[in-house]
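> Handing over final-v4.cif, mmCIF, C-alpha atoms.
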```
data_upload
#
loop_
_atom_site.label_atom_id
_atom_site.label_comp_id
_atom_site.auth_asym_id
_atom_site.auth_seq_id
_atom_site.Cartn_x
_atom_site.Cartn_y
_atom_site.Cartn_z
CA MET A 1 3.59 -13.70 4.30
CA SER A 2 6.76 -12.03 2.97
CA GLN A 3 4.51 -10.71 0.19
CA LEU A 4 2.48 -8.94 2.85
CA ASN A 5 5.63 -7.33 4.24
CA GLN A 6 6.57 -6.26 0.75
CA ALA A 7 3.12 -4.85 0.19
CA LEU A 8 3.18 -2.91 3.47
CA LEU A 9 6.60 -1.52 2.63
CA LEU A 10 5.32 -0.56 -0.80
CA SER A 11 2.25 1.19 0.61
CA ALA A 12 4.48 3.19 2.98
CA ASN A 13 6.58 4.21 -0.02
CA LEU A 14 3.46 5.11 -2.01
CA LEU A 15 2.30 7.37 0.80
CA LYS A 16 5.76 8.98 0.98
CA THR A 17 5.78 9.63 -2.76
CA LEU A 18 2.27 11.05 -2.63
CA SER A 19 3.20 13.32 0.28
CA SER A 20 6.08 14.77 -1.69
CA ILE A 21 3.87 15.31 -4.76
CA VAL A 22 1.40 17.11 -2.53
CA LEU A 23 4.19 19.15 -0.93
CA VAL A 24 5.32 20.37 -4.36
CA GLY A 25 1.71 21.30 -5.10
CA LEU A 26 1.56 23.23 -1.85
CA ILE A 27 4.74 25.18 -2.60
CA LEU A 28 3.40 26.03 -6.06
CA SER A 29 0.08 27.20 -4.61
CA CYS A 30 1.55 29.44 -1.86
CA SER A 31 1.17 32.59 -3.96
CA SER A 32 -2.61 32.75 -3.40
CA GLN A 33 -4.04 35.50 -1.21
CA GLN A 34 -4.87 34.77 2.40
CA PRO A 35 -5.93 37.12 5.18
CA ILE A 36 -2.83 38.47 6.95
CA PRO A 37 -2.59 37.62 10.66
CA SER A 38 -2.50 40.66 12.93
CA CYS A 39 0.71 41.74 14.69
CA GLY A 40 1.99 39.90 17.73
CA GLU A 41 0.24 36.64 16.89
CA ASN A 42 1.99 33.41 16.01
CA PRO A 43 1.41 33.30 12.25
CA ASN A 44 1.73 29.51 12.24
CA THR A 45 -1.44 28.77 14.18
CA LEU A 46 -4.51 27.65 12.29
CA TYR A 47 -6.23 30.62 13.98
CA ALA A 48 -3.90 33.02 12.16
CA LYS A 49 -4.28 31.15 8.88
CA LEU A 50 -8.05 31.44 9.16
CA GLY A 51 -7.67 35.22 9.43
CA SER A 52 -7.85 35.51 13.22
CA GLN A 53 -11.01 36.77 14.90
CA ALA A 54 -12.40 38.54 11.82
CA GLY A 55 -11.86 35.48 9.63
CA ILE A 56 -13.53 33.13 12.09
CA GLU A 57 -16.49 35.51 12.45
CA LYS A 58 -16.95 35.44 8.67
CA ILE A 59 -16.84 31.64 8.64
CA VAL A 60 -19.38 31.33 11.44
CA ASP A 61 -21.69 33.94 9.88
CA GLY A 62 -21.48 32.11 6.54
CA LEU A 63 -22.24 28.82 8.24
CA ILE A 64 -25.27 30.27 10.08
CA GLN A 65 -26.64 31.62 6.79
CA ALA A 66 -26.03 28.27 5.07
CA ILE A 67 -27.80 26.38 7.88
CA GLY A 68 -30.71 28.82 7.64
CA ARG A 69 -31.13 27.97 3.96
CA ASP A 70 -30.71 24.21 4.40
CA GLN A 71 -33.87 22.12 4.44
CA GLN A 72 -32.13 19.00 5.69
CA ILE A 73 -30.64 20.24 8.97
CA PHE A 74 -32.27 23.60 9.72
CA HIS A 75 -34.84 21.93 11.97
CA TYR A 76 -32.12 21.10 14.54
CA PHE A 77 -31.45 24.82 14.92
CA ARG A 78 -35.00 26.18 14.82
CA GLU A 79 -35.14 26.57 18.59
CA ALA A 80 -31.60 27.90 18.92
CA ASN A 81 -30.79 31.41 20.07
CA VAL A 82 -28.76 32.65 17.08
CA SER A 83 -26.59 35.22 18.89
CA HIS A 84 -25.78 32.72 21.66
CA PHE A 85 -24.99 30.03 19.06
CA ARG A 86 -22.86 32.47 17.06
CA ALA A 87 -20.80 33.61 20.06
CA GLY A 88 -20.29 30.02 21.25
CA LEU A 89 -19.24 28.75 17.83
CA ILE A 90 -16.79 31.65 17.28
CA GLN A 91 -15.19 30.94 20.65
CA HIS A 92 -15.11 27.21 19.92
CA PHE A 93 -13.47 27.62 16.49
CA CYS A 94 -10.97 30.10 17.98
CA ASP A 95 -10.10 27.58 20.69
CA ILE A 96 -9.65 24.51 18.47
CA ALA A 97 -7.62 26.60 15.99
CA ASN A 98 -5.14 27.46 18.80
CA GLY A 99 -6.31 31.05 19.01
CA PRO A 100 -6.23 33.20 22.18
CA CYS A 101 -9.60 31.92 23.46
CA ARG A 102 -10.85 29.16 25.74
CA TYR A 103 -14.24 27.74 24.88
CA GLN A 104 -16.36 28.17 28.01
CA GLY A 105 -19.78 27.16 26.70
CA ASP A 106 -21.67 23.96 27.37
CA SER A 107 -19.99 20.68 26.40
CA MET A 108 -20.73 19.11 23.03
CA GLN A 109 -22.67 16.34 24.78
CA GLN A 110 -24.78 18.82 26.76
CA ILE A 111 -25.67 20.81 23.65
CA HIS A 112 -26.59 17.84 21.46
CA THR A 113 -28.25 15.48 23.92
CA GLY A 114 -31.81 14.79 22.84
CA MET A 115 -31.24 16.00 19.27
CA ASN A 116 -30.49 12.50 17.96
CA ILE A 117 -28.44 13.79 15.01
CA SER A 118 -27.90 11.14 12.32
CA GLU A 119 -24.59 10.37 10.60
CA GLY A 120 -25.92 11.80 7.35
CA ASP A 121 -27.04 15.06 8.98
CA PHE A 122 -23.67 15.46 10.68
CA ASN A 123 -22.01 15.04 7.28
CA ARG A 124 -24.40 17.64 5.86
CA LEU A 125 -23.10 20.17 8.39
CA VAL A 126 -19.51 19.29 7.40
CA GLU A 127 -20.46 19.88 3.75
CA LEU A 128 -22.02 23.26 4.53
CA LEU A 129 -18.84 24.27 6.37
CA ILE A 130 -16.73 23.17 3.38
CA GLU A 131 -18.97 25.21 1.04
CA VAL A 132 -18.53 28.29 3.23
CA LEU A 133 -14.73 27.82 3.37
CA GLU A 134 -14.69 27.47 -0.44
CA GLN A 135 -16.76 30.64 -0.85
CA LEU A 136 -14.37 32.51 1.43
CA ASP A 137 -11.47 31.28 -0.76
CA TYR A 138 -9.38 29.49 1.84
CA ASP A 139 -6.65 27.23 0.50
CA ILE A 140 -7.45 23.52 0.63
CA PRO A 141 -4.86 22.69 3.36
CA ILE A 142 -6.34 25.34 5.67
CA GLN A 143 -9.89 24.10 5.01
CA ASN A 144 -8.73 20.55 5.66
CA GLN A 145 -6.98 21.45 8.93
CA LEU A 146 -10.15 23.00 10.33
CA ILE A 147 -12.19 19.96 9.24
CA ALA A 148 -9.59 17.64 10.78
CA ARG A 149 -9.92 19.37 14.16
CA LEU A 150 -13.71 19.25 14.12
CA ALA A 151 -14.09 15.65 12.91
CA PRO A 152 -13.10 14.01 16.25
CA LEU A 153 -16.07 15.79 17.89
CA ARG A 154 -18.55 13.64 15.97
CA SER A 155 -18.82 10.97 18.65
CA GLN A 156 -19.84 13.69 21.17
CA VAL A 157 -22.48 15.08 18.81
CA ILE A 158 -24.41 12.36 16.96
CA LYS A 159 -27.06 9.92 18.13
CA ILE A 160 -27.38 11.26 21.70
CA MET B 1 -22.23 -5.47 -24.71
CA LYS B 2 -25.85 -5.04 -25.83
CA ARG B 3 -26.98 -7.54 -23.23
CA ILE B 4 -25.10 -5.69 -20.51
CA SER B 5 -26.68 -2.37 -21.42
CA LEU B 6 -30.14 -3.92 -21.36
CA LEU B 7 -29.45 -5.49 -17.99
CA PHE B 8 -28.24 -2.14 -16.72
CA VAL B 9 -31.30 -0.23 -17.93
CA PHE B 10 -33.56 -2.92 -16.47
CA PHE B 11 -31.85 -2.68 -13.10
CA ILE B 12 -32.13 1.11 -12.97
CA TRP B 13 -35.87 0.83 -13.77
CA LEU B 14 -36.40 -1.92 -11.26
CA VAL B 15 -34.88 -0.29 -8.21
CA PRO B 16 -36.56 2.87 -6.98
CA VAL B 17 -34.13 5.75 -6.96
CA GLY B 18 -32.91 6.46 -3.45
CA TYR B 19 -31.07 9.78 -3.77
CA ALA B 20 -28.67 8.70 -1.07
CA LYS B 21 -26.39 11.56 -0.04
CA GLY B 22 -25.36 10.90 3.55
CA LYS B 23 -21.65 10.28 2.94
CA ILE B 24 -19.05 12.95 2.27
CA LEU B 25 -18.15 13.49 -1.41
CA ALA B 26 -15.69 10.93 -2.83
CA THR B 27 -15.58 8.77 0.32
CA PRO B 28 -17.32 5.73 -1.30
CA GLY B 29 -14.41 5.48 -3.74
CA VAL B 30 -14.96 4.22 -7.28
CA SER B 31 -15.87 0.89 -8.92
CA THR B 32 -13.33 -1.88 -9.40
CA PHE B 33 -13.28 -3.82 -12.66
CA GLU B 34 -14.77 -6.70 -10.63
CA GLY B 35 -17.81 -4.71 -9.50
CA SER B 36 -17.00 -4.11 -5.83
CA ALA B 37 -16.37 -0.56 -4.66
CA GLY B 38 -12.72 0.26 -4.33
CA GLY B 39 -10.08 1.66 -6.48
CA GLY B 40 -9.85 0.26 -9.98
CA LEU B 41 -8.07 -3.01 -9.16
CA VAL B 42 -8.40 -3.38 -5.40
CA PRO B 43 -11.69 -3.69 -3.47
CA TRP B 44 -11.69 -1.24 -0.57
CA ALA B 45 -13.35 -1.34 2.85
CA GLN B 46 -15.79 1.40 1.78
CA LEU B 47 -19.16 0.42 0.34
CA ALA B 48 -20.45 1.72 -2.99
CA GLY B 49 -22.93 4.57 -3.01
CA TYR B 50 -23.60 7.56 -0.78
CA ASP B 51 -26.02 5.79 1.58
CA SER B 52 -25.50 6.43 5.28
CA GLU B 53 -27.14 4.48 8.12
CA ASP B 54 -30.75 5.22 7.10
CA GLU B 55 -30.49 5.27 3.29
CA TYR B 56 -29.93 2.95 0.35
CA SER B 57 -28.22 3.65 -2.94
CA THR B 58 -27.93 2.37 -6.47
CA THR B 59 -24.84 2.80 -8.62
CA GLY B 60 -24.08 1.78 -12.18
CA PHE B 61 -20.70 1.87 -13.90
CA CYS B 62 -18.91 1.00 -17.11
CA THR B 63 -15.17 0.66 -17.51
CA ARG B 64 -12.94 0.27 -20.54
CA ALA B 65 -9.27 -0.67 -20.42
CA GLY B 66 -6.85 -1.09 -23.26
CA LEU B 67 -3.57 -3.00 -22.99
CA LYS B 68 -1.13 -3.78 -25.79
CA ASP B 69 -2.75 -7.12 -26.65
CA PHE B 70 -5.95 -7.07 -24.61
CA ASP B 71 -8.96 -4.86 -24.10
CA LEU B 72 -11.40 -5.09 -21.25
CA SER B 73 -15.01 -3.91 -21.08
CA VAL B 74 -16.96 -4.13 -17.84
CA CYS B 75 -20.36 -2.84 -16.83
CA GLY B 76 -21.96 -3.43 -13.50
CA VAL B 77 -24.35 -2.31 -10.81
CA GLN B 78 -24.11 -1.91 -7.05
CA LEU B 79 -26.81 -1.75 -4.45
CA GLY B 80 -25.85 -0.16 -1.13
CA LEU B 81 -27.91 -0.76 2.00
CA TYR B 82 -27.58 1.46 5.07
CA ASP B 83 -23.78 1.80 4.71
CA ARG B 84 -23.69 -1.79 5.92
CA ILE B 85 -24.06 -4.07 2.89
CA GLU B 86 -23.00 -3.73 -0.73
CA MET B 87 -24.26 -6.11 -3.41
CA SER B 88 -22.72 -5.98 -6.85
CA ALA B 89 -23.00 -7.60 -10.24
CA ALA B 90 -20.51 -7.13 -13.07
CA LYS B 91 -20.16 -8.50 -16.55
CA GLN B 92 -16.63 -8.52 -17.92
CA SER B 93 -15.51 -9.07 -21.47
CA LEU B 94 -11.79 -9.48 -22.12
CA GLY B 95 -10.80 -9.13 -25.76
CA VAL B 96 -7.74 -11.25 -26.57
CA GLN B 97 -6.39 -9.73 -29.77
CA PRO B 98 -3.81 -12.43 -30.65
CA LEU B 99 -6.59 -15.04 -30.62
CA GLY B 100 -9.26 -12.79 -32.09
CA LEU B 101 -11.75 -13.72 -29.40
CA ALA B 102 -13.33 -12.42 -26.21
CA ILE B 103 -13.64 -14.12 -22.83
CA GLU B 104 -16.66 -13.22 -20.72
CA GLN B 105 -16.90 -13.55 -16.96
CA ASP B 106 -19.72 -12.71 -14.55
CA ILE B 107 -18.99 -11.65 -10.98
CA TRP B 108 -21.55 -11.47 -8.19
CA GLY B 109 -20.29 -9.70 -5.10
CA ILE B 110 -21.35 -9.00 -1.56
CA LYS B 111 -19.46 -6.95 0.99
CA THR B 112 -20.31 -6.02 4.54
CA ARG B 113 -18.84 -3.34 6.73
CA LEU B 114 -17.70 -4.92 9.99
CA TYR B 115 -16.28 -1.92 11.81
CA GLY B 116 -15.66 1.78 11.64
CA ASP B 117 -15.82 4.72 9.30
CA ILE B 118 -12.94 5.78 7.07
CA ILE B 119 -13.13 9.35 8.35
CA TYR B 120 -14.39 9.29 11.90
CA SER B 121 -13.40 6.10 13.69
CA LYS B 122 -10.08 5.90 15.48
CA TRP B 123 -9.19 2.59 13.81
CA PRO B 124 -9.59 1.93 10.09
CA GLN B 125 -12.89 0.90 8.53
CA VAL B 126 -12.92 -2.88 8.04
CA SER B 127 -15.08 -4.89 5.65
CA PHE B 128 -15.39 -8.49 4.51
CA GLY B 129 -16.43 -9.44 1.01
CA VAL B 130 -17.00 -12.32 -1.39
CA GLN B 131 -16.79 -12.27 -5.17
CA HIS B 132 -18.45 -15.22 -6.86
CA LYS B 133 -16.84 -15.54 -10.29
CA ARG B 134 -18.33 -17.50 -13.16
CA LEU B 135 -16.30 -17.85 -16.31
CA GLN B 136 -18.67 -17.90 -19.30
CA ASP B 137 -16.21 -18.66 -22.10
CA ARG B 138 -14.24 -21.69 -21.05
CA ALA B 139 -12.39 -22.77 -24.18
CA VAL B 140 -9.16 -20.87 -23.53
CA ALA B 141 -8.99 -22.00 -19.88
CA ALA B 142 -9.74 -25.60 -20.90
CA SER B 143 -7.01 -25.52 -23.54
CA LEU B 144 -4.54 -24.77 -20.73
CA GLY B 145 -5.68 -27.84 -18.82
CA VAL B 146 -7.81 -25.91 -16.33
CA SER B 147 -10.98 -27.70 -15.27
CA GLN B 148 -12.53 -25.32 -12.74
CA PHE B 149 -14.61 -22.50 -14.19
CA SER B 150 -16.18 -20.86 -11.18
CA ALA B 151 -14.95 -20.01 -7.68
CA ASN B 152 -15.22 -17.52 -4.86
CA ASP B 153 -12.67 -14.89 -3.89
CA TYR B 154 -12.86 -13.92 -0.20
CA TYR B 155 -11.30 -10.70 1.03
CA ILE B 156 -10.93 -8.56 4.08
CA SER B 157 -10.14 -4.87 3.63
CA ALA B 158 -9.09 -2.07 5.95
CA SER B 159 -9.04 1.58 4.92
CA LYS B 160 -8.54 4.99 6.49
CA LEU B 161 -8.67 8.60 5.39
CA HIS B 162 -6.20 10.72 7.35
CA LEU B 163 -7.55 14.28 7.36
CA ALA B 164 -5.04 17.02 6.57
CA ALA B 165 -2.24 14.50 7.11
CA ALA B 166 0.31 15.66 4.51
CA SER B 167 0.89 19.42 4.53
CA GLY B 168 -2.84 19.86 5.04
CA TYR B 169 -3.93 17.40 2.33
CA HIS B 170 -6.02 14.31 3.07
CA LEU B 171 -4.24 10.97 2.63
CA PHE B 172 -5.97 7.65 2.08
CA TRP B 173 -4.79 4.05 2.23
CA ASN B 174 -6.38 0.65 1.88
CA LEU B 175 -4.99 -2.81 2.55
CA THR B 176 -6.82 -5.89 1.28
CA LEU B 177 -6.04 -9.56 1.83
CA ARG B 178 -7.70 -11.76 -0.75
CA ARG B 179 -8.05 -15.53 -0.68
CA THR B 180 -8.18 -16.53 -4.34
CA ALA B 181 -7.64 -19.44 -6.69
CA ALA B 182 -8.21 -17.33 -9.80
CA ILE B 183 -5.86 -17.51 -12.76
CA GLU B 184 -5.55 -14.03 -14.33
CA THR B 185 -8.43 -12.94 -12.05
CA GLY B 186 -10.59 -15.80 -13.39
CA PHE B 187 -10.35 -15.24 -17.16
CA LEU B 188 -8.23 -18.41 -17.38
CA GLY B 189 -10.29 -20.29 -14.81
CA PHE B 190 -9.40 -21.33 -11.28
CA SER B 191 -6.94 -23.68 -9.66
CA SER B 192 -7.84 -26.00 -6.83
CA ASP B 193 -5.40 -24.28 -4.50
CA ALA B 194 -6.41 -20.87 -3.06
CA GLN B 195 -3.76 -18.41 -1.84
CA TRP B 196 -3.78 -15.29 0.35
CA GLN B 197 -2.76 -12.30 -1.74
CA PRO B 198 -2.13 -8.76 -0.42
CA GLU B 199 -3.34 -5.74 -2.35
CA VAL B 200 -2.64 -2.11 -1.46
CA SER B 201 -3.84 1.32 -2.53
CA ALA B 202 -2.87 4.82 -1.47
CA ALA B 203 -4.24 8.17 -2.55
CA ALA B 204 -4.08 11.89 -1.84
CA PHE B 205 -6.88 14.41 -2.28
CA LEU B 206 -5.79 17.46 -4.27
CA ASN B 207 -9.05 19.20 -3.32
CA HIS B 208 -12.63 18.13 -2.57
CA GLU B 209 -13.21 16.75 -6.08
CA PHE B 210 -9.92 15.25 -7.26
CA ALA B 211 -7.84 12.39 -5.86
CA ILE B 212 -4.66 10.86 -7.26
CA GLY B 213 -3.34 7.50 -6.20
CA MET B 214 -1.64 4.23 -6.87
CA GLU B 215 -2.56 0.59 -6.50
CA TYR B 216 -0.70 -2.69 -6.34
CA ARG B 217 -2.39 -6.07 -6.57
CA THR B 218 -0.43 -9.28 -6.13
CA LYS B 219 -1.63 -12.39 -7.94
CA PRO B 220 -0.82 -16.06 -7.54
CA ASP B 221 0.86 -17.97 -10.35
CA GLU B 222 -0.86 -21.35 -10.09
CA LEU B 223 -0.42 -22.21 -13.75
CA ALA B 224 3.27 -21.20 -13.73
CA ILE B 225 2.74 -18.92 -16.72
CA GLY B 226 4.63 -16.04 -15.12
CA GLU B 227 1.48 -14.30 -13.89
CA SER B 228 2.42 -10.74 -12.91
CA HIS B 229 1.43 -8.47 -10.05
CA TRP B 230 -0.64 -5.55 -11.36
CA ARG B 231 -0.32 -1.86 -10.60
CA ASP B 232 -1.84 1.42 -11.68
CA LEU B 233 -1.68 5.17 -11.23
CA PHE B 234 -5.07 6.86 -11.13
CA ILE B 235 -6.84 10.18 -11.00
CA ALA B 236 -10.47 10.23 -9.89
CA TRP B 237 -12.87 13.13 -10.34
CA PHE B 238 -16.02 13.56 -8.26
CA PRO B 239 -17.83 16.64 -9.64
CA ASN B 240 -20.84 15.76 -7.47
CA LYS B 241 -22.38 12.77 -5.66
CA GLN B 242 -24.03 11.46 -8.83
CA VAL B 243 -21.06 11.22 -11.17
CA ASN B 244 -17.53 9.85 -11.02
CA VAL B 245 -14.89 9.69 -13.75
CA THR B 246 -11.67 7.77 -13.15
CA PHE B 247 -8.69 7.62 -15.47
CA ALA B 248 -5.72 5.36 -14.88
CA TYR B 249 -2.46 4.21 -16.34
CA LEU B 250 -2.10 0.44 -16.03
CA ASP B 251 1.14 -1.51 -15.74
CA PHE B 252 0.19 -5.20 -15.86
CA LYS B 253 3.59 -6.44 -17.10
CA GLN B 254 2.71 -9.91 -18.38
CA VAL B 255 -0.85 -11.15 -18.99
CA ALA B 256 -1.48 -14.77 -20.04
CA ALA B 257 2.26 -15.10 -20.74
CA ILE B 258 2.26 -12.15 -23.17
CA PRO B 259 4.74 -9.48 -21.94
CA GLN B 260 4.67 -5.66 -21.86
CA GLN B 261 0.97 -5.19 -21.13
CA ASN B 262 0.49 -1.58 -20.15
CA GLY B 263 -2.17 0.87 -21.18
CA TRP B 264 -5.04 3.09 -20.11
CA TYR B 265 -8.24 2.74 -18.14
CA LEU B 266 -11.38 4.86 -18.08
CA SER B 267 -14.34 4.32 -15.78
CA LEU B 268 -17.62 6.20 -15.51
CA SER B 269 -20.18 5.71 -12.79
CA GLY B 270 -23.50 7.16 -11.78
CA SER B 271 -24.95 7.00 -8.25
CA PHE B 272 -28.44 7.61 -6.91
#
```
Take the structure from the file and write it as structure tokens.

Amino acid sequence: MSQLNQALLLSANLLKTLSSIVLVGLILSCSSQQPIPSCGENPNTLYAKLGSQAGIEKIVDGLIQAIGRDQQIFHYFREANVSHFRAGLIQHFCDIANGPCRYQGDSMQQIHTGMNISEGDFNRLVELLIEVLEQLDYDIPIQNQLIARLAPLRSQVIKI
Amino acid sequence: MKRISLLFVFFIWLVPVGYAKGKILATPGVSTFEGSAGGGLVPWAQLAGYDSEDEYSTTGFCTRAGLKDFDLSVCGVQLGLYDRIEMSAAKQSLGVQPLGLAIEQDIWGIKTRLYGDIIYSKWPQVSFGVQHKRLQDRAVAASLGVSQFSANDYYISASKLHLAAASGYHLFWNLTLRRTAAIETGFLGFSSDAQWQPEVSAAAFLNHEFAIGMEYRTKPDELAIGESHWRDLFIAWFPNKQVNVTFAYLDFKQVAAIPQQNGWYLSLSGSF
């Protein structure tokens, strides 16, 4: 199995090379406009990169509008209280993006129990979020970081 | 090629269109030249098509590759069931320019997802697959003393997409172990002695629609003709869930004992 070792080593090298290609791409793309974090905040948090409170509010408002227009998943939200949902989601995004908030709403399991959300419908929500982030012109790495922090929640959301 | 196109049209008519869309864009990967979903050379743990747990999908693809002394044409179809099973059929035609002839091979494939999801599960997605290869034009293989013209490749694949892993960009890898007795992937027949061969792929997503990557596929050398390991560099474009275009640079080194075989690769696929 020395070929396997070789192959593993090679794949590690491939990943390294790809990372550096991506890094160069990132440096070249740093000139694009992003919302400026407000004073006194750590500019390195995802919260700051998303444009702090105002940025997150725009994302959540965009997402609510997108859900409202979506035939596939709107029915999950028909009974929801929009202002309660909006406030909870803003706090949740702020929290997972390392902003100055602690999410104090119901747990993901509590909210989604009985909804029996399918894998495809969960992915539809992810797609709507990506569309909103694209419309708001966030750089790909910032979009990806928010998605990466939300993805682990899937097991607490679907099929319960 | 005419026969392949007819087969393709027939298949598309036969199977009701599913409009599967439950997977995230680009996550099914593309079509290998052997029909299974993967990269271009390596079958991956993902299944073809955008079907999630309660959908089915149909995909059709055609691929052309040009090397210094060879050209390859492949068309095939894939049926995806419930993100659990993938069935594939591919018809390959390898033009051998020095001999002025073409070698055809049919490949019937089945793959099943055993565990996980490339995005969401903690451990990589794992699948097991079989490719049943039937060499149609046997003269060249027979002239080399080969007497076996059909065989199965068995493989197990693991793959994972690491979200935002490199400076905020998604990284992907796949590792496949293939048990194969194929000589030049079957175009020169099959030996009686199967080997385990590792194959690896890695890719990075530049944005939601474009991925760049590399592949490396080791091959046995049962006929002692200096059979080379194959590699490629690819860029794949997913403008939407119906269409994929993949372009690659191939470095195959030596094919059928003829050296310096590198060239290009273009693959188009449509999914429903």
> Smallest atom-to-atom distance to chain B: which of A:Arg86, A:Ile56, A:Gln72, A:Cys101, using all atoms listed in the file?
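Smallest distance to chain B is found for A:Gln72.
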> Identify all residues satisfying the PyMOL selection byres ((chain B) within 10 of (chain A)) in the given file; provide them as number ranges by chain.
B: 20-25, 50-55, 119-122, 162-177, 196-208, 212-218
> Just the number, please: distance in Å from atom CA of A:Lys49 to atom CA of B:Asn240, one decimal.
27.9 Å
> Tell me which residues the PyMOL selection byres ((chain A and resi 60) around 9) grabs here, as a VMD selection string.
chain A and resid 55 to 59 61 to 65 86 89 to 90 93 129 132
> Between B:Val30, B:Ala211, B:Val42, B:Val126, which has the minimum distance to B:Thr59 (counting all atoms listed in the file)?
B:Val30
> Rounded to one decimal, what separation in Å do you get between atom CA of A:Leu133 and atom CA of B:Ser57?
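Interatomic distance here is 28.4 Å.
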> Which distance in Å separates atom CA of B:Thr27 and atom CA of B:Gln46, to one decimal?
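Atom-to-atom, atom CA of B:Thr27 to atom CA of B:Gln46, that is 7.5 Å.
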> Centre and edge lengths of an axis-aligned box around all listed atoms of stretch 144-149 of chain B, with 3 Å added on each side, are to be given in Å to one decimal, as AutoDock Vina command-line options.

```
--center_x -9.6 --center_y -25.2 --center_z -16.7 --size_x 16.1 --size_y 11.3 --size_z 14.0
```
> Run the PyMOL selection byres ((chain B and resi 141) around 10) mentally over the shown coordinates, then write out the matched residues as a list in words, using the chain letters and numbers from the document.
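That expression, the PyMOL selection byres ((chain B and resi 141) around 10), corresponds here to Ile103, Leu135, Asp137, Arg138, Ala139, Val140, Ala142, Ser143, Leu144, Gly145, Val146, Ser147, Gln148, Phe149, Ile183, Gly186, Phe187, Leu188, Gly189 and Phe190 of chain B.
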> Taking into account only C-alpha atoms, which residue in the set A:Ile111, A:Pro100, A:Glu131, A:Ser83 is nearest to A:Leu46?
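For A:Leu46, the nearest of the candidates is A:Pro100.
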> Which residue gives the smallest distance to A:Ala87 among A:Gly105, A:Phe74, A:Asn116, A:Gln110, with only C-alpha atoms counted?
A:Gly105
> For A:Ser52, list every protein, DNA or RNA residue within 8 Å, evaluated using all atoms listed in the file, and leave out those in the same chain fewer than 2 positions away; present the list as an mmCIF file with C-alpha atoms, in the coordinates of the input.

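This went into result08.cif:
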```
data_model
loop_
_atom_site.group_PDB
_atom_site.id
_atom_site.type_symbol
_atom_site.label_atom_id
_atom_site.label_comp_id
_atom_site.auth_asym_id
_atom_site.auth_seq_id
_atom_site.Cartn_x
_atom_site.Cartn_y
_atom_site.Cartn_z
ATOM 1 C CA PRO A 37 -2.590 37.620 10.660
ATOM 2 C CA SER A 38 -2.500 40.660 12.930
ATOM 3 C CA TYR A 47 -6.230 30.620 13.980
ATOM 4 C CA ALA A 48 -3.900 33.020 12.160
ATOM 5 C CA LYS A 49 -4.280 31.150 8.880
ATOM 6 C CA LEU A 50 -8.050 31.440 9.160
ATOM 7 C CA ALA A 54 -12.400 38.540 11.820
ATOM 8 C CA GLY A 55 -11.860 35.480 9.630
ATOM 9 C CA ILE A 56 -13.530 33.130 12.090
ATOM 10 C CA CYS A 94 -10.970 30.100 17.980
ATOM 11 C CA GLY A 99 -6.310 31.050 19.010
#
```
